[in-house]
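One file, work-v7.txt, is given below (compact mmCIF, C-alpha atoms).
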```
# COMPACT_ATOMS: atom_id res chain seq x y z
CA MET S 1 -107.35 383.43 159.48
CA SER S 2 -105.99 379.92 159.74
CA ASP S 3 -103.80 378.49 157.01
CA GLN S 4 -106.59 376.18 156.05
CA ARG S 5 -109.11 379.00 155.68
CA LEU S 6 -106.64 381.02 153.62
CA PHE S 7 -106.07 378.02 151.39
CA ALA S 8 -109.81 377.46 150.96
CA ALA S 9 -110.51 381.12 150.27
CA ALA S 10 -107.77 381.21 147.63
CA LEU S 11 -109.28 378.14 145.98
CA LEU S 12 -112.56 379.93 145.39
CA ASN S 13 -111.20 383.31 144.45
CA PRO S 14 -108.71 383.54 141.59
CA ASP S 15 -107.85 387.11 142.60
CA VAL S 16 -106.35 385.86 145.83
CA PRO S 17 -102.69 384.89 145.35
CA CYS S 18 -101.41 381.37 145.84
CA PRO S 19 -101.00 380.74 149.58
CA ASP S 20 -97.48 381.05 150.98
CA GLY S 21 -95.42 378.09 151.98
CA LEU S 22 -96.56 375.62 149.31
CA THR S 23 -93.98 373.33 147.78
CA ALA S 24 -94.24 370.87 144.91
CA TRP S 25 -92.75 367.41 145.08
CA ASN S 26 -90.90 367.86 141.80
CA ASP S 27 -89.81 371.46 142.23
CA SER S 28 -92.41 372.76 139.79
CA ASP S 29 -93.94 376.14 140.42
CA PRO S 30 -96.49 375.91 143.29
CA THR S 31 -98.44 378.82 141.80
CA ARG S 32 -99.10 376.80 138.67
CA ARG S 33 -99.91 373.64 140.61
CA PHE S 34 -102.31 375.59 142.79
CA ALA S 35 -104.01 377.06 139.73
CA VAL S 36 -104.61 373.56 138.39
CA TYR S 37 -106.09 372.45 141.69
CA ARG S 38 -108.25 375.58 141.89
CA ASN S 39 -109.58 374.88 138.42
CA ASN S 40 -110.33 371.26 139.30
CA VAL S 41 -112.24 372.22 142.43
CA ILE S 42 -114.50 374.68 140.61
CA VAL S 43 -114.96 372.52 137.52
CA SER S 44 -115.83 369.40 139.51
CA LEU S 45 -118.46 371.31 141.47
CA ILE S 46 -119.91 372.76 138.27
CA ASP S 47 -119.95 369.22 136.84
CA ALA S 48 -121.84 368.05 139.92
CA LEU S 49 -124.47 370.74 139.36
CA ALA S 50 -124.70 369.84 135.68
CA ASP S 51 -125.39 366.22 136.74
CA THR S 52 -128.18 367.29 139.06
CA PHE S 53 -129.75 369.89 136.76
CA PRO S 54 -129.60 368.47 133.21
CA VAL S 55 -132.83 370.08 131.97
CA THR S 56 -131.96 373.40 133.58
CA GLN S 57 -128.72 373.22 131.64
CA GLU S 58 -130.44 372.30 128.39
CA LEU S 59 -132.84 375.20 128.76
CA VAL S 60 -130.13 377.84 128.83
CA GLY S 61 -127.31 376.03 127.07
CA GLU S 62 -124.12 374.59 128.48
CA GLU S 63 -122.07 377.75 128.27
CA PHE S 64 -124.59 379.87 130.13
CA PHE S 65 -125.29 377.16 132.70
CA ARG S 66 -121.62 376.57 133.49
CA ALA S 67 -120.92 380.27 133.83
CA MET S 68 -123.95 380.69 136.10
CA ALA S 69 -123.00 377.61 138.11
CA GLY S 70 -119.46 379.00 138.49
CA VAL S 71 -120.81 382.13 140.15
CA PHE S 72 -122.99 379.99 142.42
CA VAL S 73 -120.12 377.67 143.35
CA ARG S 74 -117.97 380.59 144.46
CA GLN S 75 -120.84 382.12 146.42
CA ALA S 76 -122.08 378.93 147.99
CA PRO S 77 -119.48 376.16 148.09
CA PRO S 78 -120.65 372.82 149.52
CA THR S 79 -121.15 372.67 153.26
CA SER S 80 -121.68 368.92 153.33
CA ALA S 81 -119.33 366.16 152.29
CA GLN S 82 -122.22 364.58 150.40
CA LEU S 83 -121.97 366.05 146.96
CA VAL S 84 -125.34 364.61 146.01
CA GLU S 85 -127.07 367.24 148.12
CA TYR S 86 -125.13 370.08 146.59
CA GLY S 87 -127.28 372.52 144.70
CA GLU S 88 -130.23 372.86 147.09
CA GLY S 89 -129.60 376.59 146.96
CA LEU S 90 -129.28 376.87 143.19
CA PRO S 91 -132.99 377.48 142.40
CA THR S 92 -133.18 380.43 144.79
CA PHE S 93 -129.88 381.71 143.43
CA ILE S 94 -131.37 381.58 139.92
CA THR S 95 -134.33 383.74 140.96
CA GLN S 96 -131.87 386.45 141.98
CA PHE S 97 -129.52 385.98 139.08
CA GLU S 98 -130.28 388.82 136.72
CA PRO S 99 -128.95 387.30 133.45
CA ALA S 100 -131.36 384.36 133.92
CA SER S 101 -134.40 386.59 134.41
CA THR S 102 -135.34 386.18 130.75
CA VAL S 103 -136.15 382.54 131.51
CA PRO S 104 -138.63 383.04 134.35
CA TYR S 105 -139.44 379.32 134.70
CA LEU S 106 -135.80 378.27 135.05
CA ALA S 107 -135.75 378.31 138.86
CA ASP S 108 -138.84 376.11 139.15
CA VAL S 109 -137.47 373.60 136.65
CA ALA S 110 -134.32 373.50 138.79
CA ARG S 111 -136.49 372.96 141.90
CA LEU S 112 -138.15 370.04 140.16
CA GLU S 113 -134.80 368.49 139.30
CA MET S 114 -133.59 368.84 142.89
CA LEU S 115 -136.76 367.13 144.12
CA ARG S 116 -135.99 364.23 141.79
CA ILE S 117 -132.58 363.77 143.44
CA ARG S 118 -134.15 363.98 146.89
CA ALA S 119 -136.81 361.45 145.93
CA PHE S 120 -134.15 359.07 144.65
CA HIS S 121 -132.41 359.00 148.02
CA ALA S 122 -135.50 359.09 150.25
CA ALA S 123 -136.35 356.18 152.52
CA ASP S 124 -138.48 353.26 151.39
CA ALA S 125 -142.03 352.72 152.58
CA ASP S 126 -144.57 350.07 151.72
CA PRO S 127 -147.68 351.45 150.04
CA LEU S 128 -151.10 350.84 151.55
CA THR S 129 -152.34 347.39 150.56
CA PRO S 130 -155.85 346.79 149.21
CA GLU S 131 -156.46 344.83 152.43
CA GLN S 132 -155.58 347.84 154.58
CA ILE S 133 -157.91 350.02 152.54
CA THR S 134 -160.72 347.46 152.72
CA GLN S 135 -160.19 347.35 156.46
CA ALA S 136 -160.47 351.13 156.70
CA LEU S 137 -163.64 351.04 154.61
CA ALA S 138 -165.15 348.49 156.99
CA ASP S 139 -165.45 351.22 159.62
CA PRO S 140 -166.58 354.26 157.62
CA THR S 141 -167.36 356.41 160.65
CA ARG S 142 -163.66 356.54 161.39
CA LEU S 143 -162.68 357.46 157.82
CA PRO S 144 -162.84 361.26 158.27
CA LEU S 145 -160.52 360.99 161.26
CA LEU S 146 -157.83 358.88 159.64
CA GLN S 147 -154.41 360.41 159.29
CA VAL S 148 -152.74 359.54 156.03
CA GLY S 149 -149.00 358.93 155.87
CA CYS S 150 -147.33 359.67 152.54
CA HIS S 151 -144.32 357.98 150.99
CA PRO S 152 -141.08 359.63 152.21
CA SER S 153 -140.01 360.39 148.64
CA LEU S 154 -143.22 362.25 147.81
CA ASN S 155 -142.97 365.96 147.11
CA VAL S 156 -145.27 368.43 145.40
CA LEU S 157 -144.15 371.52 143.55
CA ASN S 158 -146.79 374.09 142.68
CA SER S 159 -145.51 376.33 139.92
CA ARG S 160 -146.77 379.33 137.97
CA TYR S 161 -145.13 377.68 134.98
CA ALA S 162 -145.62 374.51 132.97
CA ILE S 163 -142.69 372.78 134.66
CA VAL S 164 -143.91 369.22 134.10
CA SER S 165 -144.47 369.79 130.38
CA LEU S 166 -141.15 371.61 130.03
CA TRP S 167 -139.30 368.85 131.86
CA ALA S 168 -141.11 366.14 129.89
CA ALA S 169 -140.30 367.79 126.56
CA HIS S 170 -136.63 367.37 127.45
CA GLN S 171 -137.18 363.66 127.98
CA GLY S 172 -138.50 363.31 124.46
CA ILE S 173 -142.13 363.38 125.64
CA GLY S 174 -144.13 366.01 123.79
CA ASP S 175 -142.98 368.84 121.61
CA LEU S 176 -141.12 371.64 123.32
CA ALA S 177 -142.31 374.20 120.79
CA SER S 178 -145.95 373.50 121.64
CA VAL S 179 -145.48 373.91 125.39
CA ASN S 180 -146.83 377.15 126.78
CA PRO S 181 -144.57 377.73 129.78
CA ALA S 182 -146.94 380.32 131.26
CA LEU S 183 -149.60 377.72 132.11
CA PRO S 184 -149.37 376.82 135.80
CA GLU S 185 -148.66 373.18 136.63
CA ILE S 186 -148.35 371.14 139.78
CA ALA S 187 -145.65 368.50 139.80
CA LEU S 188 -145.83 365.41 141.97
CA VAL S 189 -142.44 363.77 142.40
CA ILE S 190 -142.26 360.28 143.83
CA ARG S 191 -140.02 357.27 143.65
CA VAL S 192 -141.83 354.12 142.61
CA GLY S 193 -139.53 351.21 143.24
CA LEU S 194 -136.19 352.51 142.04
CA GLU S 195 -137.64 354.90 139.51
CA VAL S 196 -138.33 358.56 140.20
CA GLN S 197 -141.50 359.70 138.49
CA VAL S 198 -142.86 363.14 137.71
CA ILE S 199 -146.62 363.40 137.44
CA ALA S 200 -148.73 366.43 136.57
CA LEU S 201 -151.21 366.79 139.39
CA PRO S 202 -154.66 368.28 138.73
CA PRO S 203 -155.47 371.41 140.77
CA GLY S 204 -156.32 370.71 144.39
CA GLY S 205 -154.04 367.69 144.61
CA ASP S 206 -151.44 369.92 146.18
CA VAL S 207 -153.96 371.00 148.84
CA LEU S 208 -154.89 367.41 149.63
CA ILE S 209 -151.27 366.29 149.98
CA ALA S 210 -150.29 369.36 151.98
CA GLY S 211 -153.17 368.51 154.30
CA PHE S 212 -151.89 364.96 154.76
CA ALA S 213 -148.39 366.26 155.38
CA ALA S 214 -149.66 368.73 157.98
CA GLY S 215 -151.35 365.88 159.82
CA LEU S 216 -154.91 366.90 158.96
CA PRO S 217 -157.34 364.00 159.10
CA LEU S 218 -158.60 362.63 155.80
CA GLY S 219 -162.02 364.30 156.06
CA GLU S 220 -160.51 367.69 156.70
CA ALA S 221 -157.79 367.44 154.03
CA ALA S 222 -160.35 366.35 151.43
CA GLY S 223 -162.81 369.02 152.58
CA LEU S 224 -160.14 371.68 152.22
CA ALA S 225 -159.28 370.53 148.69
CA ILE S 226 -162.95 370.67 147.67
CA ALA S 227 -163.44 374.04 149.33
CA THR S 228 -160.55 375.55 147.37
CA HIS S 229 -161.29 373.67 144.13
CA PRO S 230 -165.04 373.08 143.69
CA ASP S 231 -164.55 370.63 140.82
CA PHE S 232 -162.03 368.59 142.79
CA ASP S 233 -162.48 364.89 142.00
CA LEU S 234 -161.52 363.08 145.20
CA THR S 235 -161.94 359.61 143.71
CA ALA S 236 -159.59 360.36 140.83
CA HIS S 237 -157.03 361.93 143.14
CA LEU S 238 -157.07 359.05 145.59
CA ALA S 239 -156.81 356.58 142.71
CA LEU S 240 -153.80 358.42 141.32
CA LEU S 241 -152.09 358.50 144.69
CA LEU S 242 -152.82 354.83 145.39
CA ARG S 243 -151.63 353.84 141.96
CA CYS S 244 -148.19 355.37 142.41
CA GLY S 245 -147.87 354.10 145.98
CA ALA S 246 -147.96 357.62 147.40
CA LEU S 247 -150.01 356.66 150.44
CA SER S 248 -148.27 354.42 152.90
CA SER S 249 -150.27 354.43 156.12
CA PHE S 250 -153.61 355.07 157.77
CA SER S 251 -153.63 355.80 161.46
CA LEU S 252 -155.98 357.21 164.04
CA PRO S 253 -154.72 360.00 166.24
CA THR S 254 -153.89 358.62 169.67
CA GLU S 255 -156.40 361.00 171.19
CA VAL S 256 -159.60 360.72 169.21
CA PRO S 257 -161.28 364.12 168.97
CA SER S 258 -164.61 364.20 170.72
CA MET P 1 -153.70 366.17 169.86
CA SER P 2 -157.33 367.15 170.06
CA LYS P 3 -158.43 368.80 166.89
CA THR P 4 -162.01 369.76 166.28
CA LEU P 5 -163.15 368.98 162.80
CA THR P 6 -164.11 372.02 160.80
CA SER P 7 -167.21 372.52 158.73
CA THR P 8 -165.19 371.71 155.61
CA THR P 9 -164.73 368.13 156.77
CA LEU P 10 -166.02 365.66 154.26
CA SER P 11 -168.62 363.21 155.47
CA ALA P 12 -167.86 359.57 156.18
CA ALA P 13 -170.22 358.49 153.42
CA ALA P 14 -168.57 360.69 150.79
CA LEU P 15 -165.13 359.49 151.85
CA ALA P 16 -166.16 355.85 151.81
CA LEU P 17 -167.56 356.25 148.32
CA ALA P 18 -164.44 358.02 147.02
CA LEU P 19 -161.95 355.68 148.67
CA GLY P 20 -163.94 352.62 147.66
CA SER P 21 -164.12 353.76 144.05
CA ALA P 22 -160.44 354.68 144.07
CA LEU P 23 -159.58 351.23 145.32
CA THR P 24 -161.63 349.67 142.51
CA LEU P 25 -159.93 351.91 139.97
CA THR P 26 -156.45 350.99 141.12
CA THR P 27 -157.03 347.26 141.25
CA ALA P 28 -158.69 347.00 137.84
CA PRO P 29 -155.92 347.12 135.23
CA ALA P 30 -158.17 348.15 132.33
CA VAL P 31 -159.39 351.22 134.14
CA GLY P 32 -155.87 351.87 135.28
CA ALA P 33 -154.94 352.54 131.68
CA ASP P 34 -157.74 355.08 131.42
CA MET P 35 -156.59 356.84 134.51
CA GLU P 36 -153.26 357.25 132.86
CA LYS P 37 -154.91 359.27 130.13
CA CYS P 38 -156.78 361.41 132.63
CA PHE P 39 -153.71 362.44 134.51
CA GLY P 40 -151.03 362.33 131.89
CA VAL P 41 -148.32 359.77 132.02
CA ALA P 42 -146.08 359.34 134.96
CA LEU P 43 -142.82 360.58 133.64
CA LYS P 44 -139.42 359.25 134.31
CA GLY P 45 -136.13 360.78 133.44
CA LYS P 46 -133.88 359.67 130.66
CA ASN P 47 -131.23 358.78 133.16
CA ASP P 48 -133.17 357.24 135.93
CA CYS P 49 -130.21 355.25 137.10
CA ALA P 50 -128.42 358.49 137.89
CA ALA P 51 -128.31 358.95 141.62
CA GLY P 52 -126.89 362.43 141.32
CA PRO P 53 -123.36 363.70 141.40
CA GLY P 54 -120.55 362.44 143.52
CA THR P 55 -120.29 358.98 142.08
CA THR P 56 -117.79 359.77 139.37
CA CYS P 57 -114.29 361.08 139.40
CA ALA P 58 -114.26 364.83 138.93
CA GLY P 59 -113.49 365.97 135.43
CA THR P 60 -110.23 367.73 135.00
CA SER P 61 -110.10 368.50 131.33
CA LYS P 62 -112.59 371.32 131.15
CA ALA P 63 -111.41 374.82 131.79
CA ASP P 64 -113.32 376.93 134.24
CA TYR P 65 -114.31 379.87 132.14
CA GLN P 66 -115.61 382.42 134.49
CA GLY P 67 -115.92 386.13 134.62
CA GLY P 68 -116.62 387.36 131.14
CA ALA P 69 -119.05 384.54 130.41
CA TRP P 70 -121.76 386.91 131.59
CA LYS P 71 -121.79 388.48 128.16
CA ASN P 72 -123.65 385.33 127.19
CA VAL P 73 -127.37 385.14 127.30
CA PRO P 74 -129.27 381.88 127.62
CA LYS P 75 -129.18 380.05 124.33
CA GLY P 76 -130.40 376.56 125.07
CA SER P 77 -133.79 375.09 124.35
CA CYS P 78 -135.45 378.06 126.03
CA GLU P 79 -135.10 379.78 122.66
CA LYS P 80 -137.42 377.18 121.19
CA THR P 81 -139.91 377.51 123.98
CA ALA P 82 -142.87 379.80 123.53
CA SER P 83 -142.85 382.73 125.87
CA PRO P 84 -146.10 384.66 126.10
CA THR P 85 -144.41 387.10 128.45
CA SER P 86 -141.75 387.84 125.86
CA PRO P 87 -142.53 390.68 123.49
CA THR P 88 -141.41 388.53 120.57
CA GLY P 89 -143.69 385.63 121.43
CA HIS P 90 -140.75 383.39 121.98
CA GLY P 91 -137.02 383.40 121.87
CA GLN P 92 -135.02 384.92 124.65
CA LEU P 93 -131.87 385.94 122.93
CA ALA P 94 -131.78 389.28 124.61
CA ALA P 95 -133.02 390.47 127.93
CA PHE P 96 -136.56 391.69 127.94
CA ALA P 97 -138.83 393.11 130.58
CA GLU P 98 -141.48 390.57 131.44
CA LYS P 99 -144.86 391.55 130.12
CA LYS P 100 -147.44 391.81 132.84
CA SER P 101 -150.48 389.79 131.96
```
Please render this file's structure as C-alpha cells.
Amino acid sequence: MSDQRLFAAALLNPDVPCPDGLTAWNDSDPTRRFAVYRNNVIVSLIDALADTFPVTQELVGEEFFRAMAGVFVRQAPPTSAQLVEYGEGLPTFITQFEPASTVPYLADVARLEMLRIRAFHAADADPLTPEQITQALADPTRLPLLQVGCHPSLNVLNSRYAIVSLWAAHQGIGDLASVNPALPEIALVIRVGLEVQVIALPPGGDVLIAGFAAGLPLGEAAGLAIATHPDFDLTAHLALLLRCGALSSFSLPTEVPS
Amino acid sequence: MSKTLTSTTLSAAALALALGSALTLTTAPAVGADMEKCFGVALKGKNDCAAGPGTTCAGTSKADYQGGAWKNVPKGSCEKTASPTSPTGHGQLAAFAEKKS
C-alpha cells in the first residue's frame, strides 16, 4: 500500500495507528495532530450530509443522524472532489441500516432531499411558450407523435410513503402529527427559476413523465397513463406541468413512423 | 427510430382537447389559483438559497462521536409522526417489527 493510501485509510479508521514518519512543525506529538485532522475529516463530511439532508436529520434527531452519517462516511467516503454530490448513496445505505428500520420512510425522504440538490444544480432550459403550444395545436394530427422534452431539473419520486407531506411538515406547511406516513405519494421535484419546488403529483403523473423521459410520443405516454390510471386527468396534468415549466420542447422524431 | 404506436395511444382529438384546455388553464391567472388547490401547493424549502454542502469552511469544533452512538434510537420528529405500522400507533422510541398491512 502506498503511503498515501495508508494515510487515507488511517484517517477513516481510528483503530489504525497514526502513520509513520509524520512530523509536526512545532515538535508537538504527530499522533495528536493526526487525531485532530482525522476528526475534522469525518466531522466535515458529516456536516456536509447534514446540510444536504436537513429533514432526514430532523426526523431522527441530530444525535442519531450524525452517528448514522459517521458510519456511512467511513463506509463510503467521497469519490468526487465536488462535495455537493456527496450523499447519493446515503438513501440506499439507510435502507440497509438496521437501527433506522423503525423509520421506514426515512430513506425516501432522503432520496427526495438529494433530488432537491440535483435539481438546484441542473442545467437551465426555457419552458414551452404559449406560441409553441398553439403552433403544435395547429397541426393536431401530429400531436400523438410529438416527443416531449422535460426540464433537466425535473425528477419524479414514487414512494410508498407520504414523503411530500412529511417533507412539507418540516417546512412549516401542515401539521406533522396529522400526516399519515403510510399513504403513498409521488413527488415531483423541479427548479423554477432559482427555486427548487416539491409538488405532490396525482397518480399517473409519474407514468406520463416516465413516458416522456423514455422518449415515448405524447399519444403513447398519455395513453399509458390512462391505461394504468383510468381516472387520469390529462388536462390537469398537462396544466400542472406547463405551469411549473416542466415541459421544455416538442419535437417530431426524425423518422416519422408510418 | 421507427416505433409503431400501440393501441393505448391517445387520439389526436383527445390530445388537442387536453393540451388546448391545459394551455387555457395555465394562461388564465384566476384558474391558475384553482389549480393550486387541486394539486396542493408547490413547496419550496426553508433554505432555498442553500446550494448544498461544500460552500462553507468545515466545522472543527464538533467532536466525532462514533461507535457507541448506536445505543441511540431515532428521537427526532419521527416520534411525533403517526405510524400505522407501529404497534403503538406512533412513536418509534424502540425498535419494532413492522406490521404487515
**Item:** Who sits within 7 Å of segment 12-18 of chain S, only C-alpha atoms, same chain under 3 positions skipped, as a VMD selection string
**Value:** chain S and resid 8 to 9 31 34 74
Can you write just those residues out, C-alpha atoms, as a PDB file, in the coordinates of the input?
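For reference, selection_7.pdb as written:
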```
ATOM      1  CA  ALA S   8    -109.810 377.460 150.960  1.00  0.00           C
ATOM      2  CA  ALA S   9    -110.510 381.120 150.270  1.00  0.00           C
ATOM      3  CA  THR S  31     -98.440 378.820 141.800  1.00  0.00           C
ATOM      4  CA  PHE S  34    -102.310 375.590 142.790  1.00  0.00           C
ATOM      5  CA  ARG S  74    -117.970 380.590 144.460  1.00  0.00           C
TER       6      ARG S  74
END
```
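Distance check against Ala76 of chain S using all atoms listed in the file: of S:Gly89, S:Pro30, S:Pro19, S:Pro202, the minimum falls on S:Gly89.
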Ala13 of chain P: which residues within 8 Å, counting only C-alpha atoms, same-chain residues fewer than 3 positions away excluded, as a list of chain:residue names?
S:Pro140, P:Ala16, P:Leu17
inquiry  = For Ser21 of chain P, find every residue with an atom within 9 Å (counting all atoms listed in the file), except residues of its own chain fewer than 4 positions away, and show them as a VMD selection string.
reply    = (chain S and resid 235 to 236 238 to 239) or (chain P and resid 16 to 17 25 to 26)
>> Need the shell around Thr228 of chain S: protein/DNA/RNA residues with any atom at most 12 Å away, counting all atoms listed in the file. Skip same-chain ones fewer than 5 positions apart. Format as a PyMOL selection string?
In response: (chain S and resi 203-208+221-223) or (chain P and resi 8)
Please provide as number ranges by chain all residues within 10 Å of Leu218 of chain S, with the sequence filter that same-chain residues fewer than 6 positions apart are discarded (counting all atoms listed in the file). S: 142-148, 208, 211-212, 224, 250; P: 9-10, 12, 15
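Between atom CA of Ile117 of chain S and atom CA of Pro91 of chain S the separation is 13.8 Å.
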May I have the centre and edge lengths, in Å to one decimal, of an axis-aligned box around the listed atoms of segment 14-31 of chain S with 4 Å added to every side, as AutoDock Vina command-line options?
```
--center_x -99.3 --center_y 377.3 --center_z 145.9 --size_x 26.9 --size_y 27.7 --size_z 20.2
```
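In this comparison, which uses only C-alpha atoms, the residue of S:Gln135, S:Gln75, S:Thr129, S:Gln171 approaching Glu58 of chain S most closely is S:Gln171.
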In Å and to one decimal, atom CA of Gly193 of chain S is distant from atom CA of Gln82 of chain S by 23.0 Å
Among S:Ala136, S:Ile199, S:Ala107, S:Val189, chain P is approached most closely, using all atoms listed in the file, by S:Ile199
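Picture a line from atom CA of Pro104 of chain S to atom CA of Pro181 of chain S; it runs 9.2 Å.
Distance check against chain P using all atoms listed in the file: of S:Ser80, S:Gln132, S:Ser249, S:Thr141, the minimum falls on S:Thr141.
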Since the input lacks atoms, please generate N, CA, C and O atoms for segment 158-177 of chain S and provide them as a PDB file, in the coordinates of the input.
```pdb
ATOM      1  N   ASN S 158    -145.728 373.304 143.309  1.00  0.00           N
ATOM      2  CA  ASN S 158    -146.790 374.090 142.680  1.00  0.00           C
ATOM      3  C   ASN S 158    -146.126 375.270 141.979  1.00  0.00           C
ATOM      4  O   ASN S 158    -145.521 376.113 142.619  1.00  0.00           O
ATOM      5  N   SER S 159    -146.236 375.310 140.666  1.00  0.00           N
ATOM      6  CA  SER S 159    -145.510 376.330 139.920  1.00  0.00           C
ATOM      7  C   SER S 159    -146.444 377.208 139.102  1.00  0.00           C
ATOM      8  O   SER S 159    -147.499 376.764 138.655  1.00  0.00           O
ATOM      9  N   ARG S 160    -146.043 378.433 138.887  1.00  0.00           N
ATOM     10  CA  ARG S 160    -146.770 379.330 137.970  1.00  0.00           C
ATOM     11  C   ARG S 160    -146.471 378.945 136.528  1.00  0.00           C
ATOM     12  O   ARG S 160    -147.047 379.496 135.601  1.00  0.00           O
ATOM     13  N   TYR S 161    -145.572 378.032 136.331  1.00  0.00           N
ATOM     14  CA  TYR S 161    -145.130 377.680 134.980  1.00  0.00           C
ATOM     15  C   TYR S 161    -145.371 376.202 134.690  1.00  0.00           C
ATOM     16  O   TYR S 161    -145.554 375.395 135.600  1.00  0.00           O
ATOM     17  N   ALA S 162    -145.316 375.883 133.402  1.00  0.00           N
ATOM     18  CA  ALA S 162    -145.620 374.510 132.970  1.00  0.00           C
ATOM     19  C   ALA S 162    -144.390 373.618 133.153  1.00  0.00           C
ATOM     20  O   ALA S 162    -143.846 373.063 132.195  1.00  0.00           O
ATOM     21  N   ILE S 163    -143.961 373.458 134.406  1.00  0.00           N
ATOM     22  CA  ILE S 163    -142.690 372.780 134.660  1.00  0.00           C
ATOM     23  C   ILE S 163    -142.706 371.307 134.276  1.00  0.00           C
ATOM     24  O   ILE S 163    -141.701 370.779 133.826  1.00  0.00           O
ATOM     25  N   VAL S 164    -143.859 370.646 134.447  1.00  0.00           N
ATOM     26  CA  VAL S 164    -143.910 369.220 134.100  1.00  0.00           C
ATOM     27  C   VAL S 164    -143.775 369.057 132.586  1.00  0.00           C
ATOM     28  O   VAL S 164    -142.998 368.230 132.098  1.00  0.00           O
ATOM     29  N   SER S 165    -144.534 369.877 131.845  1.00  0.00           N
ATOM     30  CA  SER S 165    -144.470 369.790 130.380  1.00  0.00           C
ATOM     31  C   SER S 165    -143.088 370.161 129.864  1.00  0.00           C
ATOM     32  O   SER S 165    -142.572 369.530 128.934  1.00  0.00           O
ATOM     33  N   LEU S 166    -142.493 371.201 130.452  1.00  0.00           N
ATOM     34  CA  LEU S 166    -141.150 371.610 130.030  1.00  0.00           C
ATOM     35  C   LEU S 166    -140.143 370.499 130.302  1.00  0.00           C
ATOM     36  O   LEU S 166    -139.313 370.163 129.451  1.00  0.00           O
ATOM     37  N   TRP S 167    -140.236 369.922 131.494  1.00  0.00           N
ATOM     38  CA  TRP S 167    -139.300 368.850 131.860  1.00  0.00           C
ATOM     39  C   TRP S 167    -139.513 367.654 130.943  1.00  0.00           C
ATOM     40  O   TRP S 167    -138.548 367.065 130.433  1.00  0.00           O
ATOM     41  N   ALA S 168    -140.790 367.297 130.718  1.00  0.00           N
ATOM     42  CA  ALA S 168    -141.110 366.140 129.890  1.00  0.00           C
ATOM     43  C   ALA S 168    -140.603 366.320 128.463  1.00  0.00           C
ATOM     44  O   ALA S 168    -140.088 365.379 127.850  1.00  0.00           O
ATOM     45  N   ALA S 169    -140.734 367.541 127.934  1.00  0.00           N
ATOM     46  CA  ALA S 169    -140.300 367.790 126.560  1.00  0.00           C
ATOM     47  C   ALA S 169    -138.800 367.527 126.408  1.00  0.00           C
ATOM     48  O   ALA S 169    -138.330 367.194 125.318  1.00  0.00           O
ATOM     49  N   HIS S 170    -138.064 367.661 127.497  1.00  0.00           N
ATOM     50  CA  HIS S 170    -136.630 367.370 127.450  1.00  0.00           C
ATOM     51  C   HIS S 170    -136.321 365.901 127.682  1.00  0.00           C
ATOM     52  O   HIS S 170    -135.162 365.494 127.711  1.00  0.00           O
ATOM     53  N   GLN S 171    -137.359 365.105 127.908  1.00  0.00           N
ATOM     54  CA  GLN S 171    -137.180 363.660 127.980  1.00  0.00           C
ATOM     55  C   GLN S 171    -137.703 363.010 126.701  1.00  0.00           C
ATOM     56  O   GLN S 171    -137.901 361.807 126.643  1.00  0.00           O
ATOM     57  N   GLY S 172    -137.988 363.843 125.714  1.00  0.00           N
ATOM     58  CA  GLY S 172    -138.500 363.310 124.460  1.00  0.00           C
ATOM     59  C   GLY S 172    -139.998 363.048 124.506  1.00  0.00           C
ATOM     60  O   GLY S 172    -140.546 362.386 123.636  1.00  0.00           O
ATOM     61  N   ILE S 173    -140.688 363.563 125.544  1.00  0.00           N
ATOM     62  CA  ILE S 173    -142.130 363.380 125.640  1.00  0.00           C
ATOM     63  C   ILE S 173    -142.788 364.719 125.294  1.00  0.00           C
ATOM     64  O   ILE S 173    -142.643 365.694 126.022  1.00  0.00           O
ATOM     65  N   GLY S 174    -143.479 364.762 124.193  1.00  0.00           N
ATOM     66  CA  GLY S 174    -144.130 366.010 123.790  1.00  0.00           C
ATOM     67  C   GLY S 174    -143.169 366.910 123.040  1.00  0.00           C
ATOM     68  O   GLY S 174    -141.958 366.690 123.017  1.00  0.00           O
ATOM     69  N   ASP S 175    -143.749 367.927 122.448  1.00  0.00           N
ATOM     70  CA  ASP S 175    -142.980 368.840 121.610  1.00  0.00           C
ATOM     71  C   ASP S 175    -142.742 370.141 122.377  1.00  0.00           C
ATOM     72  O   ASP S 175    -143.680 370.807 122.803  1.00  0.00           O
ATOM     73  N   LEU S 176    -141.475 370.454 122.536  1.00  0.00           N
ATOM     74  CA  LEU S 176    -141.120 371.640 123.320  1.00  0.00           C
ATOM     75  C   LEU S 176    -141.763 372.906 122.756  1.00  0.00           C
ATOM     76  O   LEU S 176    -142.229 373.771 123.495  1.00  0.00           O
ATOM     77  N   ALA S 177    -141.807 372.983 121.418  1.00  0.00           N
ATOM     78  CA  ALA S 177    -142.310 374.200 120.790  1.00  0.00           C
ATOM     79  C   ALA S 177    -143.800 374.424 121.075  1.00  0.00           C
ATOM     80  O   ALA S 177    -144.286 375.546 121.005  1.00  0.00           O
TER      81      ALA S 177
END
```
